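What follows is the content of entry19.cif (mmCIF, C-alpha atoms).
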data_upload
#
loop_
_atom_site.label_atom_id
_atom_site.label_comp_id
_atom_site.auth_asym_id
_atom_site.auth_seq_id
_atom_site.Cartn_x
_atom_site.Cartn_y
_atom_site.Cartn_z
CA MET C 9 172.10 93.31 89.45
CA THR C 10 170.64 91.89 86.23
CA ARG C 11 172.04 93.59 83.16
CA ILE C 12 169.55 95.63 81.13
CA LEU C 13 168.73 93.94 77.84
CA ASN C 14 167.40 95.28 74.57
CA LEU C 15 164.97 93.65 72.14
CA ASN C 16 165.46 94.79 68.55
CA ALA C 17 164.30 94.07 65.01
CA ASP C 18 165.14 95.28 61.52
CA LEU C 19 162.30 97.42 60.15
CA GLY C 20 161.47 99.70 57.23
CA GLU C 21 162.38 97.02 54.71
CA SER C 22 159.49 97.61 52.33
CA PHE C 23 160.20 99.40 49.05
CA GLY C 24 157.62 101.20 46.92
CA ALA C 25 154.71 98.80 46.29
CA TRP C 26 156.73 95.84 47.65
CA GLN C 27 155.82 95.08 51.26
CA MET C 28 158.17 93.32 53.69
CA GLY C 29 157.75 92.51 57.34
CA HIS C 30 155.22 93.25 60.07
CA ASP C 31 156.48 96.59 61.34
CA ALA C 32 153.30 97.96 62.90
CA GLU C 33 152.61 94.78 64.85
CA LEU C 34 156.23 94.33 65.92
CA LEU C 35 156.79 97.78 67.34
CA GLY C 36 154.67 97.12 70.41
CA SER C 37 157.11 94.44 71.53
CA LEU C 38 160.44 96.14 70.70
CA ASP C 39 162.86 98.45 72.46
CA SER C 40 164.86 99.41 69.35
CA ALA C 41 164.42 99.38 65.58
CA SER C 42 167.18 99.26 62.97
CA ILE C 43 165.77 100.99 59.89
CA ALA C 44 166.78 100.23 56.31
CA CYS C 45 168.41 103.18 54.56
CA GLY C 46 167.50 102.55 50.91
CA PHE C 47 170.39 100.42 49.68
CA HIS C 48 169.00 96.94 50.37
CA ALA C 49 165.42 98.00 51.11
CA GLY C 50 163.45 101.01 52.20
CA ASP C 51 162.81 104.29 50.45
CA PRO C 52 162.30 107.86 51.70
CA LEU C 53 158.58 107.44 52.36
CA VAL C 54 159.03 104.07 54.06
CA MET C 55 161.85 105.50 56.18
CA ARG C 56 159.74 108.44 57.31
CA ASP C 57 156.68 106.31 58.05
CA THR C 58 158.78 103.83 60.03
CA LEU C 59 160.37 106.62 62.05
CA ARG C 60 156.95 108.03 62.88
CA ARG C 61 155.69 104.65 64.01
CA ALA C 62 158.81 104.14 66.13
CA ARG C 63 158.36 107.55 67.74
CA ALA C 64 154.73 106.78 68.56
CA ALA C 65 155.74 103.44 70.10
CA GLY C 66 158.59 104.97 72.13
CA VAL C 67 161.15 102.77 70.37
CA SER C 68 164.76 103.96 69.90
CA ILE C 69 166.03 103.98 66.33
CA GLY C 70 169.21 103.23 64.42
CA ALA C 71 170.49 102.91 60.87
CA HIS C 72 170.58 99.55 59.11
CA PRO C 73 173.03 100.16 56.23
CA ALA C 74 173.92 97.57 53.62
CA TYR C 75 175.72 96.89 50.40
CA PRO C 76 174.01 98.55 47.38
CA ASP C 77 171.93 95.50 46.48
CA LEU C 78 168.19 96.11 46.19
CA GLN C 79 167.63 93.09 43.96
CA GLY C 80 169.36 90.73 46.38
CA PHE C 81 167.99 92.34 49.58
CA GLY C 82 171.57 93.03 50.63
CA ARG C 83 172.30 89.35 51.13
CA ARG C 84 174.77 88.91 48.26
CA PRO C 85 178.50 89.29 49.04
CA MET C 86 180.24 92.27 47.47
CA HIS C 87 183.87 93.38 47.49
CA LEU C 88 184.33 97.15 47.45
CA PRO C 89 187.38 99.35 48.02
CA PRO C 90 187.44 100.61 51.63
CA ALA C 91 187.07 104.27 50.64
CA GLU C 92 184.01 103.48 48.53
CA LEU C 93 182.40 101.39 51.26
CA GLU C 94 183.04 104.07 53.88
CA ALA C 95 181.31 106.63 51.66
CA ILE C 96 178.37 104.27 51.03
CA LEU C 97 177.92 103.73 54.75
CA ILE C 98 178.22 107.41 55.65
CA TYR C 99 175.66 108.23 52.94
CA GLN C 100 173.15 105.79 54.43
CA MET C 101 173.72 106.90 58.03
CA ALA C 102 173.31 110.52 56.99
CA ALA C 103 170.03 109.73 55.24
CA LEU C 104 168.51 108.05 58.27
CA ALA C 105 169.88 110.61 60.73
CA GLY C 106 168.49 113.47 58.63
CA MET C 107 165.08 111.85 58.32
CA ALA C 108 165.09 111.17 62.06
CA ARG C 109 165.96 114.77 62.90
CA SER C 110 163.03 115.99 60.83
CA GLU C 111 160.79 113.82 63.02
CA GLY C 112 162.34 115.02 66.28
CA LEU C 113 164.29 111.81 66.84
CA ASP C 114 167.95 111.08 67.51
CA MET C 115 169.64 108.14 65.83
CA ALA C 116 171.19 106.03 68.59
CA HIS C 117 172.89 103.12 66.86
CA VAL C 118 174.11 101.51 63.65
CA LYS C 119 173.60 97.86 62.75
CA PRO C 120 175.02 96.60 59.43
CA HIS C 121 172.70 94.38 57.39
CA GLY C 122 172.94 91.04 55.63
CA ALA C 123 176.06 90.16 53.69
CA LEU C 124 177.87 93.27 54.92
CA SER C 125 177.38 92.19 58.53
CA ASN C 126 178.13 88.53 57.87
CA MET C 127 181.36 89.34 56.04
CA ALA C 128 182.48 91.95 58.59
CA CYS C 129 181.92 89.41 61.37
CA VAL C 130 184.79 87.27 60.06
CA ASP C 131 186.95 89.77 58.12
CA ALA C 132 188.87 92.08 60.46
CA ALA C 133 189.88 94.52 57.71
CA LEU C 134 186.29 94.89 56.51
CA ALA C 135 185.11 95.25 60.09
CA ASP C 136 187.63 98.06 60.63
CA THR C 137 186.26 99.83 57.54
CA VAL C 138 182.73 99.64 58.92
CA ALA C 139 183.81 100.90 62.35
CA THR C 140 185.87 103.71 60.78
CA ALA C 141 182.86 104.90 58.79
CA ILE C 142 180.64 104.96 61.88
CA ARG C 143 183.26 106.83 63.90
CA ALA C 144 183.77 109.34 61.06
CA PHE C 145 180.05 110.06 60.95
CA ASP C 146 179.41 110.20 64.70
CA PRO C 147 181.71 108.64 67.32
CA GLY C 148 178.86 108.79 69.84
CA LEU C 149 176.80 106.20 68.00
CA ILE C 150 176.44 102.66 69.32
CA LEU C 151 177.58 99.80 67.12
CA LEU C 152 175.04 96.99 67.45
CA ALA C 153 177.14 93.99 66.43
CA PRO C 154 176.82 90.20 66.60
CA ALA C 155 178.39 88.72 69.71
CA CYS C 156 181.79 87.02 69.34
CA SER C 157 182.42 88.75 66.00
CA ALA C 158 185.30 90.60 64.39
CA LEU C 159 182.84 93.47 63.90
CA ALA C 160 182.33 93.85 67.65
CA SER C 161 186.10 93.79 68.18
CA ALA C 162 186.63 96.42 65.47
CA GLY C 163 184.08 98.68 67.10
CA ARG C 164 185.91 98.53 70.40
CA ARG C 165 189.25 99.22 68.68
CA ALA C 166 187.69 102.29 67.08
CA GLY C 167 186.53 103.55 70.47
CA LEU C 168 182.84 103.02 69.76
CA ARG C 169 180.39 101.84 72.35
CA VAL C 170 179.55 98.29 71.28
CA VAL C 171 176.43 96.38 72.24
CA GLU C 172 176.68 92.67 71.41
CA GLU C 173 173.53 91.00 70.11
CA ILE C 174 172.34 87.43 69.79
CA PHE C 175 169.68 86.19 67.39
CA ALA C 176 166.52 84.63 68.75
CA ASP C 177 165.58 82.92 65.50
CA ARG C 178 168.95 81.79 64.10
CA ALA C 179 171.20 78.83 64.90
CA TYR C 180 174.94 79.18 65.50
CA GLN C 181 178.01 77.32 64.27
CA ASP C 182 180.88 76.35 66.57
CA ASP C 183 182.87 79.50 65.66
CA GLY C 184 180.00 81.81 66.68
CA SER C 185 178.89 82.57 63.13
CA LEU C 186 175.33 81.98 62.00
CA VAL C 187 174.40 78.76 60.27
CA PRO C 188 173.94 79.85 56.62
CA ARG C 189 170.31 80.29 55.61
CA SER C 190 170.82 77.74 52.83
CA HIS C 191 171.58 75.00 55.37
CA PRO C 192 169.01 72.86 57.20
CA GLY C 193 168.38 74.04 60.74
CA ALA C 194 169.55 77.60 60.12
CA MET C 195 166.31 79.06 61.46
CA ILE C 196 164.77 78.53 64.90
CA HIS C 197 161.05 78.03 64.28
CA GLY C 198 158.33 78.87 66.76
CA ALA C 199 158.06 81.44 69.53
CA ALA C 200 158.59 78.90 72.32
CA ALA C 201 161.72 77.48 70.69
CA SER C 202 163.15 80.97 70.14
CA LEU C 203 162.53 81.93 73.77
CA ALA C 204 164.18 78.73 74.99
CA HIS C 205 167.15 79.39 72.66
CA VAL C 206 167.60 82.90 74.07
CA LEU C 207 167.14 81.94 77.72
CA ALA C 208 169.72 79.18 77.41
CA MET C 209 172.30 81.63 76.06
CA LEU C 210 171.50 84.27 78.68
CA GLU C 211 171.80 81.72 81.49
CA ALA C 212 175.11 80.45 80.09
CA GLY C 213 176.44 83.92 79.30
CA ALA C 214 177.48 82.46 75.98
CA ILE C 215 176.52 81.69 72.42
CA ILE C 216 175.51 78.03 72.23
CA SER C 217 176.14 76.34 68.90
CA VAL C 218 174.11 73.58 67.26
CA ASN C 219 176.77 71.16 68.54
CA GLY C 220 176.59 72.45 72.10
CA THR C 221 179.77 74.53 72.00
CA HIS C 222 179.68 77.45 74.46
CA LEU C 223 181.36 80.74 73.46
CA PRO C 224 181.32 83.10 76.46
CA THR C 225 180.26 86.65 75.55
CA PRO C 226 178.53 89.73 76.92
CA ILE C 227 174.93 89.85 75.67
CA GLY C 228 173.27 93.26 75.47
CA SER C 229 170.60 92.87 72.80
CA ILE C 230 168.38 90.21 71.25
CA CYS C 231 167.31 90.39 67.60
CA VAL C 232 164.15 89.06 65.99
CA HIS C 233 164.22 89.11 62.18
CA GLY C 234 161.19 91.20 61.26
CA ASP C 235 160.70 89.62 57.82
CA GLY C 236 159.78 86.16 59.12
CA PRO C 237 156.19 84.88 59.36
CA GLU C 238 156.63 84.11 63.07
CA ALA C 239 158.30 87.42 63.94
CA VAL C 240 155.37 89.04 65.77
CA ALA C 241 154.58 85.99 67.90
CA THR C 242 158.27 85.49 68.65
CA ALA C 243 158.81 89.10 69.72
CA ARG C 244 155.78 89.01 72.00
CA ALA C 245 156.88 85.74 73.59
CA LEU C 246 160.40 87.03 74.11
CA ARG C 247 159.27 90.25 75.74
CA ALA C 248 156.84 88.48 78.06
CA GLY C 249 159.28 85.69 78.87
CA LEU C 250 162.22 87.97 79.60
CA LEU C 251 160.23 90.34 81.80
CA GLU C 252 158.65 87.41 83.65
CA ARG C 253 162.13 86.14 84.50
CA GLY C 254 163.28 89.52 85.78
CA TYR C 255 165.30 90.77 82.83
CA PRO C 256 164.82 94.55 82.47
CA LEU C 257 164.39 95.79 78.88
CA ALA C 258 165.21 99.23 77.48
CA GLY C 259 165.99 101.07 74.25
CA LEU C 260 169.49 101.95 73.11
CA THR C 261 170.64 105.44 73.96
CA ALA C 262 173.73 106.95 72.36
CA ARG C 263 176.42 108.52 74.53
CA ALA C 264 175.21 106.57 77.55
CA THR C 265 177.06 104.04 79.63
CA ASP C 266 175.96 100.58 80.76
#

Output the structure of this file as structure tokens.
Amino acid sequence: MTRILNLNADLGESFGAWQMGHDAELLGSLDSASIACGFHAGDPLVMRDTLRRARAAGVSIGAHPAYPDLQGFGRRPMHLPPAELEAILIYQMAALAGMARSEGLDMAHVKPHGALSNMACVDAALADTVATAIRAFDPGLILLAPACSALASAGRRAGLRVVEEIFADRAYQDDGSLVPRSHPGAMIHGAAASLAHVLAMLEAGAIISVNGTHLPTPIGSICVHGDGPEAVATARALRAGLLERGYPLAGLTARATD
């Protein structure tokens, strides 16, 4: 039986008068949305509007917490004491969960953003801090974590349900980490190229690096970065291409089993 997959994107990343992403157009192609919680992007009104759009589209929702870095869009590395970072993460999860409850929605998952995610993917101690914060807030939440990462391993150690994701529009290094955005070839451009990238990894059951290295891994979710100019076309192509090839797609539901 083909494993159920999930197509997700990071949404709600506008802030005040500053607009980011193509949320309204993307939602029709997604199964899940990870919503910014105000520390790297998003604000209370943007969060509420994004939740309402997700509800109307039938898309499951999760928190997308980050380092406190509005100016850097959460992409600048920070080094915080574990207790402080746990509190920062719990604060953001609580904000999104509370906003969701007011809209009649349940928060299903947590997906760390930007530098926090990148650092936790290779730093086991930081990954444990992230997993500990999620478990302290709600042990029934899903951790949506990059495949082959220390973050995914930390989630399993903490007893969380972990769904491993791959990125449709990002290239991989031989260790399973993403090619840094500052490097040539970091981004996969074009809907057709992104679909081919994803299908190759699904068929192999592995991350495939730019050098052809295969890293076997479960794959439960596919991410399209919602802030890119090709995001809408890529999400539509992925959804159509996956369904055409018989891959069932569904939202993430907390406290459920695969």

Residues around (161.7, 93.9, 58.3), cut-off 10 Å, counting only C-alpha atoms - what are they as a compact mmCIF listing (two decimals) with C-alpha atoms, in the frame of the given file?
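Generated output (out.txt):
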# COMPACT_ATOMS: atom_id res chain seq x y z
CA ALA C 17 164.30 94.07 65.01
CA ASP C 18 165.14 95.28 61.52
CA LEU C 19 162.30 97.42 60.15
CA GLY C 20 161.47 99.70 57.23
CA GLU C 21 162.38 97.02 54.71
CA SER C 22 159.49 97.61 52.33
CA GLN C 27 155.82 95.08 51.26
CA MET C 28 158.17 93.32 53.69
CA GLY C 29 157.75 92.51 57.34
CA HIS C 30 155.22 93.25 60.07
CA ASP C 31 156.48 96.59 61.34
CA LEU C 34 156.23 94.33 65.92
CA ALA C 41 164.42 99.38 65.58
CA SER C 42 167.18 99.26 62.97
CA ILE C 43 165.77 100.99 59.89
CA ALA C 44 166.78 100.23 56.31
CA ALA C 49 165.42 98.00 51.11
CA GLY C 50 163.45 101.01 52.20
CA VAL C 232 164.15 89.06 65.99
CA HIS C 233 164.22 89.11 62.18
CA GLY C 234 161.19 91.20 61.26
CA ASP C 235 160.70 89.62 57.82
CA GLY C 236 159.78 86.16 59.12
CA ALA C 239 158.30 87.42 63.94

For the provided coordinates, the residues matched by the PyMOL selection byres ((chain C and resi 215-223) around 6) should be stated as a compact mmCIF listing (two decimals) with C-alpha atoms, keeping the file's coordinate frame.
# COMPACT_ATOMS: atom_id res chain seq x y z
CA TYR C 180 174.94 79.18 65.50
CA GLN C 181 178.01 77.32 64.27
CA ASP C 182 180.88 76.35 66.57
CA MET C 209 172.30 81.63 76.06
CA ALA C 214 177.48 82.46 75.98
CA PRO C 224 181.32 83.10 76.46

Review point. From the list C:Lys119, C:Arg56, C:Arg83, C:His191, which residue is nearest Glu172 (chain C) when using only C-alpha atoms?
Key: C:Lys119

Wanna dump the region 114-224 of chain C-region 250-261 of chain C contacts at 10 Å for me, each residue with its shortest atom pair and the distance in Å to one decimal, counting all atoms listed in the file, ordered by chain and number, as a tab-separated table?
residue	atom	partner	partner_atom	distance
C:Asp114	CA	C:Thr261	CA	9.0
C:Met115	CA	C:Thr261	CA	8.6
C:Ala116	CA	C:Thr261	CA	5.4
C:His117	CA	C:Leu260	CA	7.2
C:Gly148	CA	C:Thr261	CA	9.8
C:Leu149	CA	C:Thr261	CA	8.6
C:Ile150	CA	C:Thr261	CA	7.9
C:Leu152	CA	C:Leu260	CA	9.4
C:Val171	CA	C:Leu260	CA	8.9
C:Leu203	CA	C:Leu250	CA	8.4
C:Val206	CA	C:Leu250	CA	9.2
C:Leu207	CA	C:Leu250	CA	8.0
C:Leu210	CA	C:Tyr255	CA	9.9

Practice item. May I have the residues within 8 Å of region 71-77 of chain C as a VMD selection string, using all atoms listed in the file and disregarding those fewer than 3 positions away in the same chain? Key: chain C and resid 18 42 to 45 47 to 48 80 to 84 86 96 to 97 100 to 101 104 to 105 115 117 to 124

Exercise for review: Find, counting all atoms listed in the file, the residue in C:Leu15, C:Leu59, C:Ala166, C:Ala245 that gets nearest to Arg109 (chain C).
Suggested key: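 Of C:Leu15, C:Leu59, C:Ala166, C:Ala245, the one nearest Arg109 (chain C), counting all atoms listed in the file, is C:Leu59.
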
Review point. Taking only C-alpha atoms into account, which of C:Leu78, C:Leu186, C:Ala132, C:Ala179 comes nearest Ser161 (chain C)?
Key: C:Ala132

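CA of Glu111 (chain C) to CA of Ala95 (chain C) spans 24.5 Å [interatomic distance, one decimal].
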
Exercise for review: Write out as a ChimeraX atom specification the residues lying within 9 Å of Ile196 (chain C), counting all atoms listed in the file and excluding same-chain residues fewer than 6 positions away.
Suggested key: /C:176-179,202,205

Selected residues written out, C-alpha atoms, as a PDB file, in the frame of the given file:
ATOM      1  CA  ALA C 176     166.520  84.630  68.750  1.00  0.00           C
ATOM      2  CA  ASP C 177     165.580  82.920  65.500  1.00  0.00           C
ATOM      3  CA  ARG C 178     168.950  81.790  64.100  1.00  0.00           C
ATOM      4  CA  ALA C 179     171.200  78.830  64.900  1.00  0.00           C
ATOM      5  CA  SER C 202     163.150  80.970  70.140  1.00  0.00           C
ATOM      6  CA  HIS C 205     167.150  79.390  72.660  1.00  0.00           C
TER       7      HIS C 205
END

Practice item. Have a look at CA of His197 (chain C) and CA of Ser157 (chain C) and let me know their distance in Å, one decimal. Key: 24.0 Å

Review point. From the list C:Asp39, C:Val138, C:Gly46, C:Ala155, which residue is nearest Glu92 (chain C) when using all atoms listed in the file?
Key: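 Of C:Asp39, C:Val138, C:Gly46, C:Ala155, the one nearest Glu92 (chain C) is C:Val138, counting all atoms listed in the file.
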
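Atom pair CA of Ala200 (chain C) / CA of Val240 (chain C): separated by 12.5 Å.
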
Exercise for review: Measuring atom to atom with only C-alpha atoms, identify which of C:Ala153, C:Leu88, C:Met55, C:Ala25 is nearest to Ile230 (chain C).
Suggested key: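 Of all the options, C:Ala153 lies closest to Ile230 (chain C).
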
If the box runs along x, y and z of the file and leaves 5 Å on each side of region 178-189 of chain C, what are its centre and edge lengths in Å, one decimal, as lines of an AutoDock Vina configuration file?
center_x = 175.9
center_y = 79.5
center_z = 61.1
size_x = 23.9
size_y = 16.2
size_z = 21.1

Review point. Nearest to Ala141 (chain C) among C:Ala158, C:Met127, C:Leu93, C:Ala62, with distances taken over all atoms listed in the file: which residue is it?
Key: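 Ranking C:Ala158, C:Met127, C:Leu93, C:Ala62 by distance to Ala141 (chain C), first place goes to C:Leu93.
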
Given the point (183.9, 104.2, 70.3) in the file's coordinates, find the residues that have an atom at most 12 Å from it, counting only C-alpha atoms, and give them as a PDB file with C-alpha atoms, in the frame of the given file.
ATOM      1  CA  HIS C 117     172.890 103.120  66.860  1.00  0.00           C
ATOM      2  CA  ALA C 139     183.810 100.900  62.350  1.00  0.00           C
ATOM      3  CA  THR C 140     185.870 103.710  60.780  1.00  0.00           C
ATOM      4  CA  ALA C 141     182.860 104.900  58.790  1.00  0.00           C
ATOM      5  CA  ILE C 142     180.640 104.960  61.880  1.00  0.00           C
ATOM      6  CA  ARG C 143     183.260 106.830  63.900  1.00  0.00           C
ATOM      7  CA  ALA C 144     183.770 109.340  61.060  1.00  0.00           C
ATOM      8  CA  PHE C 145     180.050 110.060  60.950  1.00  0.00           C
ATOM      9  CA  ASP C 146     179.410 110.200  64.700  1.00  0.00           C
ATOM     10  CA  PRO C 147     181.710 108.640  67.320  1.00  0.00           C
ATOM     11  CA  GLY C 148     178.860 108.790  69.840  1.00  0.00           C
ATOM     12  CA  LEU C 149     176.800 106.200  68.000  1.00  0.00           C
ATOM     13  CA  ILE C 150     176.440 102.660  69.320  1.00  0.00           C
ATOM     14  CA  LEU C 151     177.580  99.800  67.120  1.00  0.00           C
ATOM     15  CA  LEU C 152     175.040  96.990  67.450  1.00  0.00           C
ATOM     16  CA  ALA C 160     182.330  93.850  67.650  1.00  0.00           C
ATOM     17  CA  SER C 161     186.100  93.790  68.180  1.00  0.00           C
ATOM     18  CA  ALA C 162     186.630  96.420  65.470  1.00  0.00           C
ATOM     19  CA  GLY C 163     184.080  98.680  67.100  1.00  0.00           C
ATOM     20  CA  ARG C 164     185.910  98.530  70.400  1.00  0.00           C
ATOM     21  CA  ARG C 165     189.250  99.220  68.680  1.00  0.00           C
ATOM     22  CA  ALA C 166     187.690 102.290  67.080  1.00  0.00           C
ATOM     23  CA  GLY C 167     186.530 103.550  70.470  1.00  0.00           C
ATOM     24  CA  LEU C 168     182.840 103.020  69.760  1.00  0.00           C
ATOM     25  CA  ARG C 169     180.390 101.840  72.350  1.00  0.00           C
ATOM     26  CA  VAL C 170     179.550  98.290  71.280  1.00  0.00           C
ATOM     27  CA  VAL C 171     176.430  96.380  72.240  1.00  0.00           C
ATOM     28  CA  ALA C 262     173.730 106.950  72.360  1.00  0.00           C
ATOM     29  CA  ARG C 263     176.420 108.520  74.530  1.00  0.00           C
ATOM     30  CA  ALA C 264     175.210 106.570  77.550  1.00  0.00           C
ATOM     31  CA  THR C 265     177.060 104.040  79.630  1.00  0.00           C
TER      32      THR C 265
END
